[in-house]
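S.K.: Pasting in a structure now, in structure tokens, and then I'll have a few things to ask.
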Amino acid sequence: MLNSIFTIYVWGIVCILLFFLYAIARFYEEKSGRRSHYMLFLIPIVLFAIAAIRYALVGSGITGDFLGDLMRCIGGVVLGGTGIFLLGLMIGGRS
């Protein structure tokens with residue numbers, strides 16, 4: 001029971017931090033006029049939140065649930081790709 005509460009709590013904090021990254025990307029697109037694809041940051045937020053809820057309900061710990069692991073994997077890949085794209089956009093040269 002306590003493990004489930006901590007799982008929801010920690011992944012909730014991760015989702016809040018990802019929302020700040022979403023807001024930064026949105027602000028950058030509005031102010032610079034360059035397309036940052038900020039909406040893609042919502043995909044990992046949703047997938048991580050659903051996976052955390054699934055882990056809490058199944059009670060399998062941090063791994064062991066195929067669907068939860070798959071959602072975290074897809075969310076991580078999307079987050080990595082969009083994060084690297086945003087980093088290159090923000091610190092890269094003008095195109």
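Every chain in the structure tokens has a letter given in the order shown (A, B, ...), and although residue numbers restart at 1 in each chain, ligands are simply numbered from 1 in the order shown.
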Identify, on the basis of only C-alpha atoms, every residue whose closest approach to A:Cys73 does not exceed 10 Å; exclude the query and any residue fewer than 5 positions from it along the same chain; express the result as a ChimeraX atom specification.
M.R.: /A:44,47-48,67-68,78-79
S.K.: Which polymer residues have any atom within 7 Å of an atom of stretch 3-9 of chain A, counting only C-alpha atoms, with same-chain residues fewer than 4 positions away left out, as a ChimeraX atom specification?
M.R.: /A:13,52-53,56,59
S.K.: Using the chain letters and numbers from this document, which residues of chain A does DSSP assign to alpha helix (DSSP H), as an mmCIF file with N, CA and C atoms, in the first residue's frame?
M.R.:
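Written file, states.cif:
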```cif
data_model
loop_
_atom_site.group_PDB
_atom_site.id
_atom_site.type_symbol
_atom_site.label_atom_id
_atom_site.label_comp_id
_atom_site.auth_asym_id
_atom_site.auth_seq_id
_atom_site.Cartn_x
_atom_site.Cartn_y
_atom_site.Cartn_z
ATOM 1 N N LEU A 2 1.855 1.307 0.867
ATOM 2 C CA LEU A 2 2.735 2.465 0.937
ATOM 3 C C LEU A 2 3.543 2.613 -0.342
ATOM 4 N N ASN A 3 3.942 1.478 -0.926
ATOM 5 C CA ASN A 3 4.671 1.499 -2.192
ATOM 6 C C ASN A 3 3.827 2.130 -3.297
ATOM 7 N N SER A 4 2.561 1.842 -3.333
ATOM 8 C CA SER A 4 1.659 2.411 -4.344
ATOM 9 C C SER A 4 1.523 3.916 -4.177
ATOM 10 N N ILE A 5 1.453 4.375 -2.935
ATOM 11 C CA ILE A 5 1.334 5.810 -2.673
ATOM 12 C C ILE A 5 2.599 6.535 -3.124
ATOM 13 N N PHE A 6 3.757 5.973 -2.801
ATOM 14 C CA PHE A 6 5.016 6.595 -3.217
ATOM 15 C C PHE A 6 5.180 6.577 -4.737
ATOM 16 N N THR A 7 4.719 5.524 -5.382
ATOM 17 C CA THR A 7 4.781 5.453 -6.846
ATOM 18 C C THR A 7 3.978 6.582 -7.474
ATOM 19 N N ILE A 8 2.752 6.770 -7.017
ATOM 20 C CA ILE A 8 1.908 7.852 -7.534
ATOM 21 C C ILE A 8 2.541 9.209 -7.225
ATOM 22 N N TYR A 9 3.065 9.383 -6.021
ATOM 23 C CA TYR A 9 3.664 10.653 -5.609
ATOM 24 C C TYR A 9 4.872 11.017 -6.473
ATOM 25 N N VAL A 10 5.798 10.076 -6.634
ATOM 26 C CA VAL A 10 7.022 10.355 -7.379
ATOM 27 C C VAL A 10 6.729 10.605 -8.851
ATOM 28 N N TRP A 11 5.913 9.770 -9.464
ATOM 29 C CA TRP A 11 5.608 9.975 -10.877
ATOM 30 C C TRP A 11 4.733 11.204 -11.087
ATOM 31 N N GLY A 12 3.961 11.587 -10.072
ATOM 32 C CA GLY A 12 3.215 12.841 -10.141
ATOM 33 C C GLY A 12 4.155 14.038 -10.201
ATOM 34 N N ILE A 13 5.219 14.000 -9.409
ATOM 35 C CA ILE A 13 6.226 15.065 -9.440
ATOM 36 C C ILE A 13 6.917 15.094 -10.796
ATOM 37 N N VAL A 14 7.233 13.935 -11.342
ATOM 38 C CA VAL A 14 7.857 13.869 -12.672
ATOM 39 C C VAL A 14 6.932 14.497 -13.714
ATOM 40 N N CYS A 15 5.654 14.196 -13.646
ATOM 41 C CA CYS A 15 4.696 14.758 -14.609
ATOM 42 C C CYS A 15 4.578 16.274 -14.458
ATOM 43 N N ILE A 16 4.648 16.776 -13.233
ATOM 44 C CA ILE A 16 4.615 18.224 -13.020
ATOM 45 C C ILE A 16 5.851 18.874 -13.634
ATOM 46 N N LEU A 17 7.011 18.267 -13.441
ATOM 47 C CA LEU A 17 8.238 18.808 -14.041
ATOM 48 C C LEU A 17 8.171 18.779 -15.569
ATOM 49 N N LEU A 18 7.598 17.723 -16.120
ATOM 50 C CA LEU A 18 7.438 17.655 -17.571
ATOM 51 C C LEU A 18 6.455 18.706 -18.077
ATOM 52 N N PHE A 19 5.473 19.042 -17.260
ATOM 53 C CA PHE A 19 4.556 20.107 -17.648
ATOM 54 C C PHE A 19 5.292 21.445 -17.744
ATOM 55 N N PHE A 20 6.264 21.685 -16.852
ATOM 56 C CA PHE A 20 7.068 22.901 -16.948
ATOM 57 C C PHE A 20 7.880 22.906 -18.239
ATOM 58 N N LEU A 21 8.392 21.756 -18.640
ATOM 59 C CA LEU A 21 9.114 21.665 -19.909
ATOM 60 C C LEU A 21 8.172 21.957 -21.079
ATOM 61 N N TYR A 22 6.961 21.461 -21.011
ATOM 62 C CA TYR A 22 5.936 21.764 -22.009
ATOM 63 C C TYR A 22 5.689 23.272 -22.081
ATOM 64 N N ALA A 23 5.576 23.915 -20.908
ATOM 65 C CA ALA A 23 5.319 25.355 -20.873
ATOM 66 C C ALA A 23 6.501 26.144 -21.440
ATOM 67 N N ILE A 24 7.714 25.703 -21.176
ATOM 68 C CA ILE A 24 8.897 26.359 -21.730
ATOM 69 C C ILE A 24 8.894 26.255 -23.252
ATOM 70 N N ALA A 25 8.604 25.068 -23.768
ATOM 71 C CA ALA A 25 8.575 24.875 -25.219
ATOM 72 C C ALA A 25 7.477 25.717 -25.853
ATOM 73 N N ARG A 26 6.344 25.813 -25.213
ATOM 74 C CA ARG A 26 5.240 26.626 -25.735
ATOM 75 C C ARG A 26 5.618 28.106 -25.739
ATOM 76 N N PHE A 27 6.214 28.564 -24.649
ATOM 77 C CA PHE A 27 6.661 29.957 -24.557
ATOM 78 C C PHE A 27 7.700 30.264 -25.633
ATOM 79 N N TYR A 28 8.634 29.326 -25.829
ATOM 80 C CA TYR A 28 9.669 29.537 -26.835
ATOM 81 C C TYR A 28 9.061 29.654 -28.228
ATOM 82 N N GLU A 29 8.088 28.800 -28.532
ATOM 83 C CA GLU A 29 7.460 28.864 -29.855
ATOM 84 C C GLU A 29 6.714 30.181 -30.055
ATOM 85 N N GLU A 30 6.018 30.627 -29.028
ATOM 86 C CA GLU A 30 5.262 31.870 -29.150
ATOM 87 C C GLU A 30 6.179 33.079 -29.305
ATOM 88 N N LYS A 31 7.275 33.112 -28.580
ATOM 89 C CA LYS A 31 8.149 34.285 -28.599
ATOM 90 C C LYS A 31 9.128 34.289 -29.771
ATOM 91 N N SER A 32 9.587 33.119 -30.187
ATOM 92 C CA SER A 32 10.580 33.090 -31.260
ATOM 93 C C SER A 32 9.944 32.932 -32.640
ATOM 94 N N LEU A 42 3.086 16.492 -24.136
ATOM 95 C CA LEU A 42 1.937 15.967 -23.403
ATOM 96 C C LEU A 42 1.864 14.439 -23.461
ATOM 97 N N ILE A 43 2.427 13.848 -24.512
ATOM 98 C CA ILE A 43 2.389 12.387 -24.655
ATOM 99 C C ILE A 43 3.113 11.693 -23.498
ATOM 100 N N PRO A 44 4.370 12.065 -23.179
ATOM 101 C CA PRO A 44 5.021 11.415 -22.036
ATOM 102 C C PRO A 44 4.318 11.688 -20.709
ATOM 103 N N ILE A 45 3.750 12.882 -20.545
ATOM 104 C CA ILE A 45 3.040 13.186 -19.300
ATOM 105 C C ILE A 45 1.891 12.208 -19.104
ATOM 106 N N VAL A 46 1.104 12.022 -20.140
ATOM 107 C CA VAL A 46 -0.048 11.125 -20.053
ATOM 108 C C VAL A 46 0.410 9.676 -19.870
ATOM 109 N N LEU A 47 1.403 9.249 -20.644
ATOM 110 C CA LEU A 47 1.858 7.859 -20.549
ATOM 111 C C LEU A 47 2.487 7.554 -19.192
ATOM 112 N N PHE A 48 3.296 8.472 -18.660
ATOM 113 C CA PHE A 48 3.903 8.250 -17.345
ATOM 114 C C PHE A 48 2.841 8.223 -16.246
ATOM 115 N N ALA A 49 1.839 9.088 -16.356
ATOM 116 C CA ALA A 49 0.782 9.105 -15.345
ATOM 117 C C ALA A 49 -0.038 7.816 -15.379
ATOM 118 N N ILE A 50 -0.397 7.369 -16.573
ATOM 119 C CA ILE A 50 -1.167 6.125 -16.685
ATOM 120 C C ILE A 50 -0.340 4.936 -16.200
ATOM 121 N N ALA A 51 0.938 4.907 -16.551
ATOM 122 C CA ALA A 51 1.800 3.808 -16.100
ATOM 123 C C ALA A 51 1.926 3.801 -14.579
ATOM 124 N N ALA A 52 2.046 4.972 -13.957
ATOM 125 C CA ALA A 52 2.147 5.042 -12.494
ATOM 126 C C ALA A 52 0.876 4.531 -11.832
ATOM 127 N N ILE A 53 -0.259 4.917 -12.383
ATOM 128 C CA ILE A 53 -1.526 4.430 -11.832
ATOM 129 C C ILE A 53 -1.632 2.925 -12.005
ATOM 130 N N ARG A 54 -1.208 2.446 -13.152
ATOM 131 C CA ARG A 54 -1.253 1.003 -13.400
ATOM 132 C C ARG A 54 -0.351 0.244 -12.426
ATOM 133 N N TYR A 55 0.878 0.747 -12.210
ATOM 134 C CA TYR A 55 1.777 0.110 -11.242
ATOM 135 C C TYR A 55 1.181 0.118 -9.841
ATOM 136 N N ALA A 56 0.533 1.218 -9.479
ATOM 137 C CA ALA A 56 -0.068 1.309 -8.148
ATOM 138 C C ALA A 56 -1.218 0.319 -7.989
ATOM 139 N N LEU A 57 -2.008 0.149 -9.047
ATOM 140 C CA LEU A 57 -3.146 -0.771 -8.958
ATOM 141 C C LEU A 57 -2.725 -2.229 -9.018
ATOM 142 N N VAL A 58 -1.741 -2.532 -9.884
ATOM 143 C CA VAL A 58 -1.293 -3.915 -10.024
ATOM 144 C C VAL A 58 -0.443 -4.322 -8.826
ATOM 145 N N PHE A 66 3.914 -5.619 -18.055
ATOM 146 C CA PHE A 66 4.302 -5.368 -19.446
ATOM 147 C C PHE A 66 3.702 -4.080 -19.982
ATOM 148 N N LEU A 67 2.415 -3.844 -19.754
ATOM 149 C CA LEU A 67 1.765 -2.655 -20.281
ATOM 150 C C LEU A 67 2.331 -1.383 -19.654
ATOM 151 N N GLY A 68 2.568 -1.407 -18.356
ATOM 152 C CA GLY A 68 3.178 -0.259 -17.694
ATOM 153 C C GLY A 68 4.588 0.005 -18.185
ATOM 154 N N ASP A 69 5.365 -1.068 -18.351
ATOM 155 C CA ASP A 69 6.728 -0.929 -18.874
ATOM 156 C C ASP A 69 6.716 -0.381 -20.303
ATOM 157 N N LEU A 70 5.781 -0.845 -21.113
ATOM 158 C CA LEU A 70 5.676 -0.377 -22.494
ATOM 159 C C LEU A 70 5.318 1.107 -22.549
ATOM 160 N N MET A 71 4.383 1.533 -21.704
ATOM 161 C CA MET A 71 4.012 2.946 -21.668
ATOM 162 C C MET A 71 5.178 3.813 -21.218
ATOM 163 N N ARG A 72 5.921 3.355 -20.225
ATOM 164 C CA ARG A 72 7.093 4.126 -19.781
ATOM 165 C C ARG A 72 8.159 4.166 -20.854
ATOM 166 N N CYS A 73 8.348 3.082 -21.581
ATOM 167 C CA CYS A 73 9.348 3.039 -22.649
ATOM 168 C C CYS A 73 8.975 3.999 -23.775
ATOM 169 N N ILE A 74 7.736 3.948 -24.223
ATOM 170 C CA ILE A 74 7.289 4.841 -25.294
ATOM 171 C C ILE A 74 7.351 6.296 -24.834
ATOM 172 N N GLY A 75 6.920 6.551 -23.615
ATOM 173 C CA GLY A 75 6.992 7.905 -23.075
ATOM 174 C C GLY A 75 8.420 8.411 -22.988
ATOM 175 N N GLY A 76 9.345 7.539 -22.590
ATOM 176 C CA GLY A 76 10.751 7.928 -22.515
ATOM 177 C C GLY A 76 11.357 8.223 -23.872
ATOM 178 N N VAL A 77 11.015 7.423 -24.867
ATOM 179 C CA VAL A 77 11.533 7.656 -26.221
ATOM 180 C C VAL A 77 11.000 8.970 -26.783
ATOM 181 N N VAL A 78 9.696 9.212 -26.608
ATOM 182 C CA VAL A 78 9.109 10.466 -27.093
ATOM 183 C C VAL A 78 9.710 11.655 -26.349
ATOM 184 N N LEU A 79 9.870 11.530 -25.035
ATOM 185 C CA LEU A 79 10.460 12.610 -24.254
ATOM 186 C C LEU A 79 11.903 12.869 -24.672
ATOM 187 N N GLY A 80 12.671 11.826 -24.879
ATOM 188 C CA GLY A 80 14.054 11.996 -25.321
ATOM 189 C C GLY A 80 14.140 12.693 -26.668
ATOM 190 N N GLY A 81 13.314 12.266 -27.599
ATOM 191 C CA GLY A 81 13.331 12.879 -28.929
ATOM 192 C C GLY A 81 12.906 14.328 -28.914
ATOM 193 N N THR A 82 11.818 14.629 -28.222
ATOM 194 C CA THR A 82 11.353 16.013 -28.179
ATOM 195 C C THR A 82 12.292 16.892 -27.359
ATOM 196 N N GLY A 83 12.876 16.336 -26.317
ATOM 197 C CA GLY A 83 13.824 17.102 -25.512
ATOM 198 C C GLY A 83 15.076 17.457 -26.283
ATOM 199 N N ILE A 84 15.613 16.504 -27.030
ATOM 200 C CA ILE A 84 16.799 16.769 -27.840
ATOM 201 C C ILE A 84 16.475 17.771 -28.948
ATOM 202 N N PHE A 85 15.305 17.631 -29.554
ATOM 203 C CA PHE A 85 14.898 18.587 -30.587
ATOM 204 C C PHE A 85 14.787 20.000 -30.012
ATOM 205 N N LEU A 86 14.147 20.131 -28.846
ATOM 206 C CA LEU A 86 13.992 21.446 -28.230
ATOM 207 C C LEU A 86 15.343 22.030 -27.824
ATOM 208 N N LEU A 87 16.224 21.206 -27.294
ATOM 209 C CA LEU A 87 17.560 21.670 -26.936
ATOM 210 C C LEU A 87 18.298 22.201 -28.149
ATOM 211 N N GLY A 88 18.268 21.450 -29.239
ATOM 212 C CA GLY A 88 18.929 21.906 -30.469
ATOM 213 C C GLY A 88 18.306 23.168 -31.021
ATOM 214 N N LEU A 89 17.000 23.285 -30.891
ATOM 215 C CA LEU A 89 16.297 24.462 -31.377
ATOM 216 C C LEU A 89 16.663 25.702 -30.560
ATOM 217 N N MET A 90 16.762 25.521 -29.250
ATOM 218 C CA MET A 90 16.995 26.666 -28.376
ATOM 219 C C MET A 90 18.455 27.111 -28.327
ATOM 220 N N ILE A 91 19.406 26.180 -28.448
ATOM 221 C CA ILE A 91 20.804 26.599 -28.363
ATOM 222 C C ILE A 91 21.520 26.538 -29.704
#
```
